[in-house]
Every structure is written in C-alpha cells, then in structure tokens.
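As structure tokens, the structure follows; a few thoughts come after it.
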Amino acid sequence: MKKMKKIILIILSFLLFTVNSFALVSDRVSFEEGELRSDLEKDFFVDLDKGELSKYTLYDAFLIASGITKFSNFIYYQGKLAKIRERALREVKKTDDPYIAAKNLLFWLHDNIFKKYRADATLANDILDNGEFNCLSGSILYTLLAKDLGLKVVGVVVKDHAFCMLVDSRGDKDIETTIRYGFDPGTKEIEQLKEFTRYVYVPKKEYTLRRTVNTYQLIGALYSNLVNILSNTEKEEIDYDAEIPKYKKGYYFDQESAVFKTDIEACLNNLALKYIGNGDYDNAYRYIRQAKVFNPKNEDFKNLEKKYFSERGIDEAKKGNFEKGIGYLKIVLEIYPSDEKLLNNLAFCYISWGNLYFEKQDFENALIIFLQGLKDTPKDEALLHNIKASYYNLAVKEYKKGNYARAIKYSDEALKLFPDDKSFIEIKQASQGLY
C-alpha cells in the first residue's frame with residue numbers, strides 16, 4: 001500500500017509540473033533516441049532550444065532543416081551556400097531604394113541561381129545541386145540573402161503556397177520568388193531586350209488567410225504538412241512514428257504554428273492509442289507523458305490517460321492479477337475521482353475477483369472483497385447485489401449448520417446495508433427462536 005501511494009504521489013507531482021510555464025522549447029517537446037540523425041543535428045537543436053541560434057547561422061538552419069545532417073555533407077553544402085552569399089553581396093546592384101534593391105535581388109537569383117521550377121524542389125540541396133526550386137525553398141533563400149543586403153523581408157505562408165514580403169515605410173510589397181518579375185505582383189514590368197522592349201505582367205493573387213512569418217518560421221515550414229501539399233504526395237496510411245520527429249523539429253523553429261501543434265498532438269494521440277491497442281503499455285504511457293507535457297489542457301489527452309489506466313487495469317484483472325489491476329485504476333482515480341467509467345471498471349475488477357471465491361462457495365472471502373470494492377465504489381449496484389448474495393448465503397449456511405449466533409451476526413450486518421430486507425429479517429427471527 002505504501003508503495004502504491006508513492007507511485008500516486010510521483011504521478012501527481014508530474015501532473016503538477018506540467019502546468020508550470022516553459023522557458024525552453026525542450027520543456028514542452030523533447031527528442032527521443034533516434035529522432036535526431038547525427039551529433040551535428042543534436043547539437044543544432046540544443047542551440048535552437050533557446051528560441052534562436054548562437055552557434056549556427058540561418059543558412060546552416062536551411063541546410064539542417066533540408067535533412068543535410070551528416071557533417072561532411074553539411075560542410076560541403078555550407079561552402080556552396082557561402083559562395084552564393086558572397087556572389088550576391090558582390091554582384092546584386094547596389095541602391096538605396098529598398099524597392100529596387102529587392103527587385104534586383106530577385107532578378108539576380110533567377111539569372112544566376114534559379115534554373116528550373118519544380119513543385120517538389122523544397123530543399124536546399126535541390127537549389128545547390130541543380131538550381132531547382134519551388135516557392136518555399138526559393139522564398140527561404142531570398143529571405144536569407146535579403147537580410148544580408150540590408151532589406152527587411154519576411155515570409156508569407158498561405159494555403160499551398162509561400163512567398164516573401166518587403167516591409168517598407170512607403171508600403172509593403174509582396175514578392176513571388178518563383179517568378180523573375182514577381183516583385184509587387186499586379187504591376188507592369190518593362191523588360192529591355194536586345195531588339196525590343198516588352199511589358200511583363202504578373203497577376204496579383206488575393207489570399208484570404210495570410211500568415212506573416214520570420215525566417216525561422218519560414219525554414220520551419222520545411223518540416224510541416226505544407227511540404228507534402230506542395231509536393232503533391234499523399235499517404236494512404238500515416239506512419240506516426242516516422243512523422244513525429246519532423247513535427248517536433250518544425251516546432252522548435254515555429255512554436256506559433258497551428259500546423260505543428262495539431263500534428264504533434266495527433267501523432268502523440270495516435271501512437272499512444274496504437275500501443276494501448278497492442279498491449280504495449282510502457283510505450284503507450286511514454287507518449288501519454290509527452291502529450292500531457294506538450295498540452296496539459298487538452299481534454300483528449302486526459303481521456304487518453306484515463307483509457308490507458310482503465311484498459312491496463314482491466315487487462316490485469318482478466319489475467320487474474322486483480323490487485324495489480326485495481327492498483328492501476330486507483331492511481332488514475334486519484335486524478336479523476338468522479339469519472340463514472342473508471343469507477344465502473346474498478347467495480348468490475350472487484351466483482352471479478354470476488355466471484356472467483358463466490359463460485360467456490362467461499363462466501364466469506366468473496367464478501368471481504370466485495371465490501372472493499374464498495375468502499376471504493378460506494379454506489380455500484382452490482383457490488384451491492386453481490387454483497388447481499390454473499391451475506392444471504394453465509395447466513396443460510398450458518399443457520400443450516402446450527403450456528404445461530406453467526407447467522408444472526410451476518411443478518412445484522414446485512415440489515416445495516418439493506419434495512420427492512422425480508423430475507424435477512426426472516427433468517428434472524430428464525431435463528432433467534434432457536435438460539
């Protein structure tokens with residue numbers, strides 16, 4: 001019993017801890033063994049844990065978020081990115097007008113770096129190896145270079161798309177990085193060719209839901225569902241074990257993203273349910289703990305915790321480990337003392353246990369168990385019925401053996417729970433007449 005109370009206190013202290021404010025990202029989302037691919041990636045996310053990088057640059061973040069986590073590969077691509085940065089700082093036409101500077105950078109990228117649009121060319125190495133890009137990878141590189149050129153540029157994420165926006169006191173301007181003339185869509189551009197001048201017009205699109213993001217958040221989008229949408233890949237069955245590390249990593253970049261919050265919660269919930277269904281309770285509770293730390297207010301996670309303890313308790317009872325099963329249910333009832341389903345399951349454990357003795361006509365031990373169950377679930381009708389049956393059989397048994405005092409004793413005890421019950425009154429009166 002002392003050991004059980006200690007377990008309860010440990011669980012309760014854990015739950016109290018979850019309501020504290022969080023200073024580090026890892027206080028809410030931590031990585032498990034194997035979720036980070038290399039020592040480089042581990043070191044990077046330790047650095048990012050504080051909310052911003054100190055040992056690494058945002059260019060490094062673009063590489064690591066692109067899955068370049070082997071040190072030798074990282075150094076190789078790091079050098080490639082550095083050369084692009086050096087060229088941009090040297091070759092992009094200088095001007096004091098942010099509008100013109102932003103436009104010049106876009107021209108330079110399309111003339112020198114971006115070679116071919118490909119819907120699923122989301123990663124840094126797509127650009128660095130083949131010059132292939134999409135809206136997300138193009139916007140990330142544009143934003144990184146724009147910052148080094150002294151421009152204030154943010155990312156914009158909309159449904160199925162990402163682009164940039166120049167922030168300027170004269171008026172903010174959208175930048176569609178997938179198009180050479182994507183600066184300020186909706187305006188005509190004049191292009192002077194060798195033999196003639198032409199006008200280029202990129203239509204302006206209106207987006208109902210725009211989310212403005214910083215560079216960290218834009219890079220974090222590499223991990224999100226946006227990647228799957230942009231690459232037009234659909235999975236018939238989600239591998240939550242494989243998906244959850246991606247969402248965790250994205251969350252380190254962008255804690256405000258509803259996508260990451262929703263996906264992390266979905267993964268944790270489904271993984272816990274999967275392991276409960278498989279009877280792998282240790283792994284199930286591992287994910288439940290993560291879920292409750294991530295969002296202690298989520299009612300689904302509270303229900304998940306109830307389900308875990310409830311099913312584990314019932315499972316132990318079905319195996320004949322009644323005390324262990326009751327222990328699990330009493331732990332969770334310390335947290336949710338009024339939950340009707342938990343109370344019913346606890347009563348089920350006591351009834352199943354007591355019935356083993358009842359069927360052997362060991363009514364005394366059956367009664368002890370049923371009465372203990374009634375203390376823990378005082379309103380359970382099935383337990384009351386079994387208690388009455390146990391008292392009746394004990395009283396009749398003692399009466400038939402001529403032990404009238406004991407028959408009266410059992411009748412009196414029963415009448416405290418079932419006043420005016422005719423069966424016990426009759427046994428008592430008959431016993432008193434012969435006593």
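Residue numbers start at 1 in each chain; chains themselves are named A, B, ... in the order of the structure tokens; ligands are numbered from 1 in the order shown.
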
Within 8 Å of stretch 129-140 of chain A, which residues of stretch 200-311 of chain A show up? Give each one with its shortest atom-to-atom distance in Å (one decimal) and the two atoms involved, counting only C-alpha atoms, rows by chain then rising residue number, as CSV.
residue,atom,partner,partner_atom,distance
A:Thr215,CA,A:Ile140,CA,7.1
A:Leu218,CA,A:Ile140,CA,6.5
A:Ile219,CA,A:Ile140,CA,6.4
A:Ala221,CA,A:Leu136,CA,7.9
A:Leu222,CA,A:Leu136,CA,7.7

Output C-alpha atoms of each residue in that selection to a file, as a compact mmCIF listing (two decimals), in the first residue's frame.
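Contents of result.txt, freshly written:
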# COMPACT_ATOMS: atom_id res chain seq x y z
CA THR A 215 12.95 33.49 -41.25
CA LEU A 218 9.76 30.04 -42.87
CA ILE A 219 12.57 27.49 -42.58
CA ALA A 221 7.81 25.13 -42.84
CA LEU A 222 10.16 22.62 -44.46

Polymer residues at most 7 Å from A:Ala284, only C-alpha atoms, same-chain spacing of 6 or more positions, as a list in words
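My reading of the contact set: Ala272, Leu273, Tyr275 and Ile276 of chain A.
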
With only C-alpha atoms as the counted atoms, please give the residues lying no more than 12 Å from A:Glu265, apart from itself and same-chain residues fewer than 5 positions off, as a PyMOL selection string.
chain A and resi 28-29+240+243-244+247-248+251+258-260+270-272+287-301+304

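The space separating atom CA of A:Leu141 from atom CA of A:Ala88 comes to 11.1 Å.
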
List the spatial neighbours of A:Thr143 as a PyMOL selection string - criterion: any atom at most 12 Å away, only C-alpha atoms, same-chain residues fewer than 6 positions off excluded.
chain A and resi 58-59+62+85+102+105-106+109+135-137+149-156+162-167+175-177+213-219

Name the residues of stretch 68-178 of chain A that come out as strand (DSSP E or B) in a backbone DSSP run; write them as JSON, numbers by chain.
{"A": [116, 117, 132, 133, 153, 154, 155, 156, 157, 158, 161, 162, 163, 164, 165, 166, 173, 174, 175]}

Restricting it to N, CA and C atoms, dump the selection as an mmCIF file, in the first residue's frame.
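New file part01.cif:
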data_model
loop_
_atom_site.group_PDB
_atom_site.id
_atom_site.type_symbol
_atom_site.label_atom_id
_atom_site.label_comp_id
_atom_site.auth_asym_id
_atom_site.auth_seq_id
_atom_site.Cartn_x
_atom_site.Cartn_y
_atom_site.Cartn_z
ATOM 1 N N LYS A 116 15.296 26.121 -62.669
ATOM 2 C CA LYS A 116 14.066 25.439 -63.058
ATOM 3 C C LYS A 116 13.138 25.301 -61.862
ATOM 4 N N TYR A 117 11.875 25.691 -62.067
ATOM 5 C CA TYR A 117 10.867 25.493 -61.028
ATOM 6 C C TYR A 117 10.424 24.030 -61.035
ATOM 7 N N GLU A 132 17.187 23.794 -59.005
ATOM 8 C CA GLU A 132 15.750 23.582 -58.986
ATOM 9 C C GLU A 132 15.170 24.121 -57.688
ATOM 10 N N PHE A 133 13.987 24.708 -57.758
ATOM 11 C CA PHE A 133 13.409 25.393 -56.597
ATOM 12 C C PHE A 133 11.896 25.324 -56.664
ATOM 13 N N VAL A 153 12.783 41.798 -44.987
ATOM 14 C CA VAL A 153 11.905 40.897 -45.732
ATOM 15 C C VAL A 153 11.387 39.816 -44.799
ATOM 16 N N VAL A 154 10.110 39.529 -44.885
ATOM 17 C CA VAL A 154 9.507 38.460 -44.084
ATOM 18 C C VAL A 154 8.908 37.425 -45.032
ATOM 19 N N GLY A 155 8.585 36.278 -44.485
ATOM 20 C CA GLY A 155 7.911 35.251 -45.272
ATOM 21 C C GLY A 155 6.407 35.360 -45.118
ATOM 22 N N VAL A 156 5.699 34.848 -46.093
ATOM 23 C CA VAL A 156 4.237 34.787 -46.024
ATOM 24 C C VAL A 156 3.825 33.364 -46.412
ATOM 25 N N VAL A 157 3.048 32.739 -45.550
ATOM 26 C CA VAL A 157 2.561 31.389 -45.814
ATOM 27 C C VAL A 157 1.045 31.451 -45.978
ATOM 28 N N VAL A 158 0.558 30.903 -47.080
ATOM 29 C CA VAL A 158 -0.874 30.788 -47.331
ATOM 30 C C VAL A 158 -1.154 29.328 -47.678
ATOM 31 N N HIS A 161 1.017 27.448 -50.461
ATOM 32 C CA HIS A 161 1.951 28.371 -51.120
ATOM 33 C C HIS A 161 2.745 29.165 -50.076
ATOM 34 N N ALA A 162 3.916 29.631 -50.509
ATOM 35 C CA ALA A 162 4.738 30.513 -49.680
ATOM 36 C C ALA A 162 5.399 31.547 -50.577
ATOM 37 N N PHE A 163 5.569 32.760 -50.066
ATOM 38 C CA PHE A 163 6.270 33.812 -50.803
ATOM 39 C C PHE A 163 6.851 34.780 -49.793
ATOM 40 N N CYS A 164 7.366 35.912 -50.258
ATOM 41 C CA CYS A 164 8.004 36.880 -49.366
ATOM 42 C C CYS A 164 7.278 38.216 -49.413
ATOM 43 N N MET A 165 7.623 39.071 -48.464
ATOM 44 C CA MET A 165 7.075 40.422 -48.457
ATOM 45 C C MET A 165 8.146 41.394 -47.970
ATOM 46 N N LEU A 166 8.376 42.431 -48.744
ATOM 47 C CA LEU A 166 9.295 43.506 -48.350
ATOM 48 C C LEU A 166 8.543 44.460 -47.444
ATOM 49 N N LYS A 173 5.445 45.282 -49.967
ATOM 50 C CA LYS A 173 5.298 44.723 -51.301
ATOM 51 C C LYS A 173 5.496 43.209 -51.268
ATOM 52 N N ASP A 174 4.551 42.488 -51.864
ATOM 53 C CA ASP A 174 4.698 41.035 -51.987
ATOM 54 C C ASP A 174 5.755 40.704 -53.032
ATOM 55 N N ILE A 175 6.413 39.557 -52.817
ATOM 56 C CA ILE A 175 7.440 39.108 -53.755
ATOM 57 C C ILE A 175 7.204 37.625 -54.029
#

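Atom pair atom CA of A:Asn73 / atom CA of A:Lys55: separated by 18.2 Å.
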
Using DSSP on the backbone coordinates, identify the residues of stretch 297-349 of chain A assigned to helix (DSSP H, G or I); present them as a ChimeraX atom specification.
/A:299-318,322-335,340-349

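Close contacts of A:Tyr336, defined as residues with an atom at most 12 Å away when counting only C-alpha atoms, with chain neighbours fewer than 5 positions off set aside, comprise Leu12, Lys302, Asn303, Glu305, Lys306, Lys307, Phe309, Ser310, Leu329, Lys330, Ile331, Lys341, Leu342 and Leu343 of chain A.
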
Mind dumping the selected residues with all heavy atoms as a CSV table (one decimal), in the first residue's frame?
chain,number,residue,atom,x,y,z
A,12,LEU,N,1.2,12.4,-9.5
A,12,LEU,CA,0.5,13.7,-9.2
A,12,LEU,C,1.5,14.8,-9.3
A,12,LEU,O,1.2,15.9,-9.8
A,12,LEU,CB,-0.1,13.6,-7.8
A,12,LEU,CG,-1.4,12.8,-7.7
A,12,LEU,CD1,-1.9,12.7,-6.3
A,12,LEU,CD2,-2.5,13.4,-8.6
A,302,LYS,N,-6.3,13.9,-21.6
A,302,LYS,CA,-6.8,13.5,-20.3
A,302,LYS,C,-7.6,12.2,-20.5
A,302,LYS,O,-7.5,11.2,-19.7
A,302,LYS,CB,-7.7,14.6,-19.7
A,302,LYS,CG,-7.0,15.8,-19.3
A,302,LYS,CD,-7.9,16.9,-18.7
A,302,LYS,CE,-7.1,18.1,-18.3
A,302,LYS,NZ,-8.0,19.2,-17.8
A,303,ASN,N,-8.4,12.2,-21.6
A,303,ASN,CA,-9.2,10.9,-21.8
A,303,ASN,C,-8.3,9.8,-22.2
A,303,ASN,O,-8.6,8.6,-21.9
A,303,ASN,CB,-10.2,11.2,-23.0
A,303,ASN,CG,-11.3,12.2,-22.6
A,303,ASN,OD1,-11.7,12.2,-21.4
A,303,ASN,ND2,-11.8,12.9,-23.5
A,305,GLU,N,-5.3,9.3,-21.0
A,305,GLU,CA,-4.7,8.9,-19.8
A,305,GLU,C,-5.7,8.0,-19.1
A,305,GLU,O,-5.3,6.9,-18.5
A,305,GLU,CB,-4.3,10.0,-18.9
A,305,GLU,CG,-3.6,9.7,-17.6
A,305,GLU,CD,-3.1,10.9,-16.9
A,305,GLU,OE1,-3.9,11.8,-16.7
A,305,GLU,OE2,-2.0,10.9,-16.4
A,306,LYS,N,-6.9,8.3,-19.1
A,306,LYS,CA,-8.0,7.5,-18.4
A,306,LYS,C,-8.1,6.2,-19.1
A,306,LYS,O,-8.2,5.1,-18.5
A,306,LYS,CB,-9.3,8.2,-18.5
A,306,LYS,CG,-9.5,9.5,-17.7
A,306,LYS,CD,-10.8,10.1,-17.9
A,306,LYS,CE,-10.9,11.5,-17.3
A,306,LYS,NZ,-12.2,12.1,-17.6
A,307,LYS,N,-8.0,6.2,-20.5
A,307,LYS,CA,-8.1,5.0,-21.2
A,307,LYS,C,-7.0,4.1,-21.0
A,307,LYS,O,-7.1,2.8,-20.8
A,307,LYS,CB,-8.2,5.3,-22.7
A,307,LYS,CG,-8.3,4.1,-23.7
A,307,LYS,CD,-8.3,4.6,-25.1
A,307,LYS,CE,-8.4,3.4,-26.1
A,307,LYS,NZ,-9.7,2.6,-25.9
A,309,PHE,N,-5.0,3.8,-18.2
A,309,PHE,CA,-5.0,3.2,-16.9
A,309,PHE,C,-6.2,2.2,-16.8
A,309,PHE,O,-6.1,1.1,-16.2
A,309,PHE,CB,-5.2,4.2,-15.8
A,309,PHE,CG,-3.8,4.8,-15.4
A,309,PHE,CD1,-3.5,6.1,-15.8
A,309,PHE,CD2,-2.9,4.1,-14.6
A,309,PHE,CE1,-2.3,6.7,-15.4
A,309,PHE,CE2,-1.7,4.7,-14.3
A,309,PHE,CZ,-1.4,6.0,-14.7
A,310,SER,N,-7.3,2.6,-17.4
A,310,SER,CA,-8.5,1.8,-17.4
A,310,SER,C,-8.3,0.4,-18.1
A,310,SER,O,-8.5,-0.6,-17.5
A,310,SER,CB,-9.7,2.5,-18.0
A,310,SER,OG,-10.9,1.8,-17.9
A,329,LEU,N,-6.2,1.3,-11.5
A,329,LEU,CA,-7.4,2.1,-11.6
A,329,LEU,C,-7.5,3.1,-10.4
A,329,LEU,O,-8.0,4.2,-10.6
A,329,LEU,CB,-8.6,1.2,-11.6
A,329,LEU,CG,-8.9,0.5,-12.9
A,329,LEU,CD1,-9.7,-0.8,-12.8
A,329,LEU,CD2,-9.6,1.5,-13.9
A,330,LYS,N,-7.0,2.7,-9.3
A,330,LYS,CA,-7.0,3.6,-8.1
A,330,LYS,C,-6.0,4.8,-8.3
A,330,LYS,O,-6.2,5.9,-7.9
A,330,LYS,CB,-6.6,2.8,-6.8
A,330,LYS,CG,-7.8,1.9,-6.4
A,330,LYS,CD,-7.5,1.1,-5.2
A,330,LYS,CE,-7.8,1.9,-3.9
A,330,LYS,NZ,-7.8,1.1,-2.7
A,331,ILE,N,-4.9,4.5,-9.1
A,331,ILE,CA,-4.0,5.6,-9.4
A,331,ILE,C,-4.7,6.7,-10.2
A,331,ILE,O,-4.6,7.9,-9.9
A,331,ILE,CB,-2.8,5.1,-10.2
A,331,ILE,CG1,-1.8,4.3,-9.3
A,331,ILE,CG2,-2.0,6.2,-10.8
A,331,ILE,CD1,-0.7,3.6,-10.0
A,341,LYS,N,-16.9,6.0,-15.7
A,341,LYS,CA,-16.4,4.8,-16.4
A,341,LYS,C,-15.3,4.2,-15.6
A,341,LYS,O,-15.2,2.9,-15.5
A,341,LYS,CB,-15.9,5.2,-17.8
A,341,LYS,CG,-15.5,4.0,-18.6
A,341,LYS,CD,-15.2,4.3,-20.0
A,341,LYS,CE,-14.8,3.1,-20.8
A,341,LYS,NZ,-14.5,3.4,-22.3
A,342,LEU,N,-14.4,5.0,-15.0
A,342,LEU,CA,-13.3,4.5,-14.2
A,342,LEU,C,-13.8,3.7,-13.0
A,342,LEU,O,-13.3,2.7,-12.6
A,342,LEU,CB,-12.3,5.6,-13.8
A,342,LEU,CG,-11.5,6.2,-14.9
A,342,LEU,CD1,-10.7,7.4,-14.4
A,342,LEU,CD2,-10.6,5.2,-15.6
A,343,LEU,N,-14.8,4.3,-12.4
A,343,LEU,CA,-15.4,3.7,-11.2
A,343,LEU,C,-16.1,2.4,-11.5
A,343,LEU,O,-16.0,1.4,-10.8
A,343,LEU,CB,-16.4,4.7,-10.5
A,343,LEU,CG,-15.8,5.9,-9.8
A,343,LEU,CD1,-16.9,6.9,-9.5
A,343,LEU,CD2,-15.1,5.5,-8.6

Record the distance separating atom CA of A:Ile64 and atom CA of A:Phe44, expressed in Å with one decimal.
8.2 Å

Quick one: residues within 9 Å of stretch 350-363 of chain A, only C-alpha atoms, excluding same-chain residues fewer than 6 positions away - as a ChimeraX atom specification?
/A:317-318,320-323,326,369-370,372-374,382-383,386,389-391,393-394

Considering only C-alpha atoms, return as a list in words whatever protein or nucleic-acid residues lie within 10 Å of A:Ser431, sequence-local ones (same chain, fewer than 6 positions apart) excluded.
Ala395, Val396, Glu398, Tyr399, Lys400, Gly402, Asn403, Tyr404, Ala405, Arg406, Ala407, Ile408, Ser411 and Ile425 of chain A

Here is a test: counting only C-alpha atoms, which residue of A:His110, A:Arg286, A:Lys249, A:Lys147 is nearest to A:Lys261?
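Ranked by minimum distance to A:Lys261, first place goes to A:Lys249.
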